[in-house]
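I have placed the structure first, in the form of structure tokens, so that the comments after it can refer back to it.
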Amino acid sequence: MAHTEWKDAPGLPDFSLLKRLARDQLIFLLEQLPGKKDLFIDADLMSPLDRIANVTILKQHEVDKLYKVELKPIVNLVNADKVAGRFRRYKIIFTPQKFYACETVLEEQGVYGDVTTDEWNFYILPLDDDILSLELPEFFRDNFLEGDQRWVTTAGSALRLLQSVYGSFSKVYGIGRCAKMVYESWRELMEDGEQRTRQPEFAKVFLVDRDVDFVTPLCSQVVYEGLVDDLFRIKCGSVEFGPDVTSSDKSIKVMLNSQDKVFSEIRNEHFSNVFGFLSQKAKNLQTAYDKRRGMDIQQMKAFVADELKGLKQEHRLLSLHIGASESMMKKKTKQDFQELLKTEHSLLEGFEIRECITYIEEHINRQVSMIDSLRLLCLLSITENGLLSKDYRSLKAQYLQSYGIEHLLTFANLRQLGLLEEQQAGETLTVMESKVGKLVNDKTVGKLTDAFSSLAKKSNFRALSKRLALVPKSGEEYDLRVPRDMAYVFSGAYIPLSCKLIEQVLERDGWTGMEEVTRMLNGQEFAVTEARSKTDAQRIVLVMFLGGCTFSEISALRFLGKERGCRFIVVTTAITNSSRLLEALLDNSA
Amino acid sequence: MSRAKPEDDEYWNSSKFKAFTFDDDDDEFSRLKESKRAMNSILVVDDDDDDDEEEDGVERVSWSGEPVGSISWSVKETASSIRSGSERSFPKIDTTPSLSKQGSGYSLSSLFKGDLYDTAVRTYAPELRKPKSDGKTENTSLWSAFSLEKFRSLQDKLLLLDEAVAVYDGNLITAVLMYLKKSLSKEILFQELMARDVALRHYVHYLKEMGEQKLLVELMKALGRTEDMALMQYKEHLNIKDEGQRRDFLKSCLGLPFSQDDATHVQDHYTLLERQIIIEASDKKADAEIFKKFPRKASILNMPIITTLYYSCFYHYGESEGTYSSPANIRKTFRISEKQYILTALGARAKLKSWFDVDSLFNTKNWLGYTKKRSPVGFHRVVDILQKNSAPVNVLQEYVNLIDSPELKLSVALKYKCHDIVINTYRDLKDRQELVVYREKLERDSPEYRKIQELLNNVQIRWKN
């Protein structure tokens with residue numbers, strides 16, 4: 001397979017240290033409360049907590065019972081105890097950090113003092129050898145939609161943590177408003193803290209805001225890990241496969257990471273390569289099992305001792321991934337995935353936009369997946385630089401009819417973020433195009449579109465796509481078995497903008513020569529030299545996604561790393577995909 | 001709608017996309033299915049399967065699907081034990097496989113082994129080195145470093161706010177804003193926030209989180225953001241559970257300063273709920289045949305317009321436009337497009353297997369009085385919907401035949417196994433080879449099989465291959 005061999009790639013730092021650090025801090029906090037205690041855990045925190053500690057560890061530190069925090073329970077609980085004359089001690093441990101507003105609530109409710117507070121700086125959860133997560137899905141909405149910067153210092157602290165444990169960085173690049181703030185916050189923290197001079201373990205850091213590239217997370221994912229995430233939702237590195245996958249009556253939770261030998265070979269592959277690979281593996285496995293036939297007792301003993309266990313393990317994993325592939329195939333066939341992908345690719349290329357609109361309209365009319373309809377609308381709006389007024393109104397009206405009028409609020413959110421917009425008067429390029437489009441065929445319009453785009457004031461995606469060559473020329477061969485660039489993660493139809501920017505900046509060692517690109521991305525780019533170093537670490541690059549990153553982007557970066565002989569470590573506020581991104585912006589329920 | 005353009009062919013033929021299709025009769029996919037059978041047929045001799053799950057990367061799970069011994073699992077256990085009322089002690093799970101492997105190393109001192117780790121602790125979490133035992137939390141937060149109460153003049157307060165904004169610390173910005181909220185009059189605060197976008201957004205978000213709706217509305221009004229204000233007030237309806245109250249609330253929203261488009265939508269929302277309440281009241285006790293045959297699964301209240309239309313096409317088809325529950329009335333009231341109406345009615349009537357109604361949706365008479373089938377949506381889409389409602393082959397076939405483009409017709413016919421159409425198409429294309437291939441997919445001696453046989457034996461046809 002394409003990804004198994006790394007040419008001379010540097011080793012990765014040991015991130016399990018971060019888990020130990022977080023666990024020890026938790027234990028320390030528990031030890032500060034001697035005696036038996038009950039622990040109430042926020043639902044969002046349970047999975048991350050599971051990754052670094054288990055019940056036995058908690059029990060050893062005298063945790064008696066575990067509960068899930070229900071809505072607004074703490075204050076009520078304390079007050080109820082007070083009324084009943086029960087005496088207990090209460091402590092709220094905030095993680096990753098305490099907010100002033102929370103303490104004020106305690107004060108207003110009259111329990112400040114009865115309740116003490118503390119912080120557990122559990123900033124980073126390593127999800128895999130090369131994926132670190134802040135597990136802050138709320139970062140995206142809070143920062144980009146609400147404009148609340150409460151997580152800026154959290155991200156800065158996470159970087160400081162990495163720097164304290166693994167050494168400093170030689171260069172920092174970034175793009176985006178939030179990226180800039182995080183960098184500043186991190187710098188402040190480092191200046192306040194103890195100065196240390198350790199050999200850097202990472203060469204370079206790249207900070208990128210999610211809103212620099214919305215197109216990539218809105219595309220359907222077609223690499224194995226991304227597809228699993230789109231369909232089954234990977235949570236904290238673990239996924240629950242239902243009975244349709246396990247071919248039994250129970251569901252099973254599985255950790256998906258490099259420890260799973262089958263998964264690690266297919267995770268970055270385009271889905272079309274996965275079948276062949278799994279089939280071949282299954283065949284080999286059968287052959288290995290077949291060796292048993294005709295063995296004598298001694299040989300059988302040796303077989304059981306040396307090989308059987310490994311075979312059984314492989315057997316189990318293989319069955320699981322075959323089951324998952326089959327189930328994904330069924331689901332995708334049912335939703336006419338092929339047609340959906342065709343529409344996405346047309347939008348990315350800017351061809352046959354009218355047909356795309358018709359497709360989206362029918363998608364809405366048939367009330368199929370509310371999120372997919374919204375995703376296509378956003379993709380249309382971003383790639384076309386907003387919708388024509390009449391299209392916007394008609395599509396919005398139909399959307400509200402199909403999925404509920406309360407989505408008015410969702411549309412307001414999307415508009416504010418620039419994900420789904422109505423073209424303002426003056427931005428009539430597309431009108432002109434569609435008029436021209438009636439006269440000449442689509443291919444010519446494509447060329448005209450490009451010509452117009454470079455003139456337009458705000459024509460971002462098309463022009464960016466052209467300048468950075470994100471969409472390969474149609475008609476060219478693309479062998480998905482031997483990917484030639486990062487476009488393979490989207491069937492050869494599109495190179496993720498975020499990853500392309502990273503590639504370009506690393507190549508140029510800065511933003512020089514990319515002035516036009518950054519101008520189209522609304523500026524906010526920076527490059528800072530921190531220290532000079534000439535070690536192997538030069539080839540480890542840390543990329544921090546502020547607002548979430550997709551598995552497709554991670555796969556693309558792994559591919560890039562392999563091509564350039566370096567390794568990427570992804571730090572993200574959370575793993576995201578199109579559904580998570582859009583769900584964070586819905587406002588259709590109380 | 002016809003999608004067969006020359007570009008289409010290019011699309012399918014360019015190898016960029018040809019490499020793979022999400023189609024279940026893909027070759028690779030059938031190979032995979034075979035592998036699955038093979039995997040299932042491998043018999044594993046011994047039954048100690050459960051001992052080594054941890055290493056397999058496949059965790060052992062409890063009945064609820066959570067890994068045994070995990071914290072999430074344990075929380076559920078506690079919850080269920082509470083529900084059952086028994087004061088059980090902490091669930092024992094000594095056999096959890098992961099425990100033996102993690103074994104030792106829980107005590108703090110034994111953790112200071114590795115050199116790197118040691119440094120990390122020293123610089124990053126110094127409290128781990130010298131544990132304090134008094135349990136008091138040391139408050140190192142920024143805001144306690146200075147007392148906000150010292151900032152009394154407006155100028156000082158604003159300096160403080162600007163300083164917080166300058167260090168990008170959202171937590172700090174909110175803290176200062178909370179102080180300003182307490183110590184400044186609304187008017188002054190609003191006034192100052194107008195020129196400070198970052199602070200303003202923090203303030204709005206803070207008020208939203210604290211549920212201070214009234215103040216929020218006032219703020220929006222003061223800022224002149226009337227549309228935002230209207231939406232914010234409209235949002236409140238989501239918190240009202242009682243449908244009557246919700247309807248009345250929506251009515252009160254009608255006068256809010258929405259944008260022109262949104263005003264229409266909100267008006268629709270009110271009308272819709274009003275109608276739904278009427279329909280629901282009468283259908284709840286309805287005893288018409290259709291309600292007995294297909295009992296309602298849920299109430300129609302708060303459903304989208306299209307769902308309501310579907311419901312009406314299902315239960316109230318053919319009613320006169322005068323009744324609120326009739327499809328015609330809903331269609332007219334909410335200005336539903338012909339295309340949307342046809343798609344919805346088609347789905348509902350097909351679900352009921354009323355093929356006659358389905359036919360009449362598309363029948364049109366031309367000026368000579370002939371009936372002809374016309375559709376505002378592509379017939380391939382119609383076939384799709386019919387097929388999903390398990391229409392019989394003869395119905396399906398009729399609509400497949402109406403698909404304009406020959407290529408699309410053939411691919412749809414192949415997909416849904418409309419043998420006659422497939423065979424006739426190959427015959428018309430004079431494609432002997434495809435016929436031979438197709439024959440092999442059919443059951444021997446079925447009528448279709450024989451039909452191909454006859455064609456192949458027909459010497460009149462001049463095959464192209």
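Residues are referred to by chain and number: the chain letter is A, B, ... according to the order shown in the structure tokens, the number counts from 1 in that chain, and ligands are numbered separately from 1 in the order shown.
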Using only C-alpha atoms, which protein or nucleic acid residues come within 12 Å of region 239-250 of chain B? Drop anything in the same chain fewer than 4 positions from it, and give the result as a VMD selection string.
(chain A and resid 405 to 406 588 to 590) or (chain B and resid 211 230 to 231 233 to 235 254 to 256 263 265 to 278 280 to 281 299 to 303)
Please report the interatomic distance between CA of Gln60 (chain A) and CA of Met46 (chain A) in Å with one decimal.
18.4 Å
Based on DSSP run over this structure's backbone, return all residues of region 333-573 of chain A in helix (DSSP H, G or I), as a VMD selection string.
chain A and resid 333 to 334 337 to 349 353 to 365 370 to 383 389 to 403 405 to 417 429 to 439 442 to 455 460 to 467 486 to 490 497 to 508 515 to 520 536 to 539 551 to 564
Between CA of Asp81 (chain A) and CA of Phe40 (chain A), what is the spacing in Å?
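Atom-to-atom, CA of Phe40 (chain A) and CA of Asp81 (chain A) are spaced 15.7 Å apart.
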Region 177-186 of chain A: which residues within 6 Å, counting only C-alpha atoms, same-chain residues fewer than 4 positions away excluded, as a list in words?
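Result of the neighbour search: Val152, Thr153, Gly156, Leu207, Val208, Asp209 and Gln524 of chain A.
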Contact residues around Met229 (chain B) with only C-alpha atoms at 9 Å, ignoring same-chain residues under 5 positions, as a VMD selection string:
chain B and resid 216 to 221 224 234 256 to 258
Separation of CA of Phe334 (chain B) and CA of Glu227 (chain B), in Å?
23.1 Å
Kindly indicate which residue among A:Gln149, A:Thr333, A:Gln504, A:Ser16 lies nearest to Leu560 (chain A), using only C-alpha atoms for the distances.
A:Gln504
Counting only C-alpha atoms, the residue of A:Glu362, A:Glu507, A:Asp213, A:Glu355 that sits nearest Ile495 (chain A):
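So, comparing all the options, the nearest one is A:Asp213.
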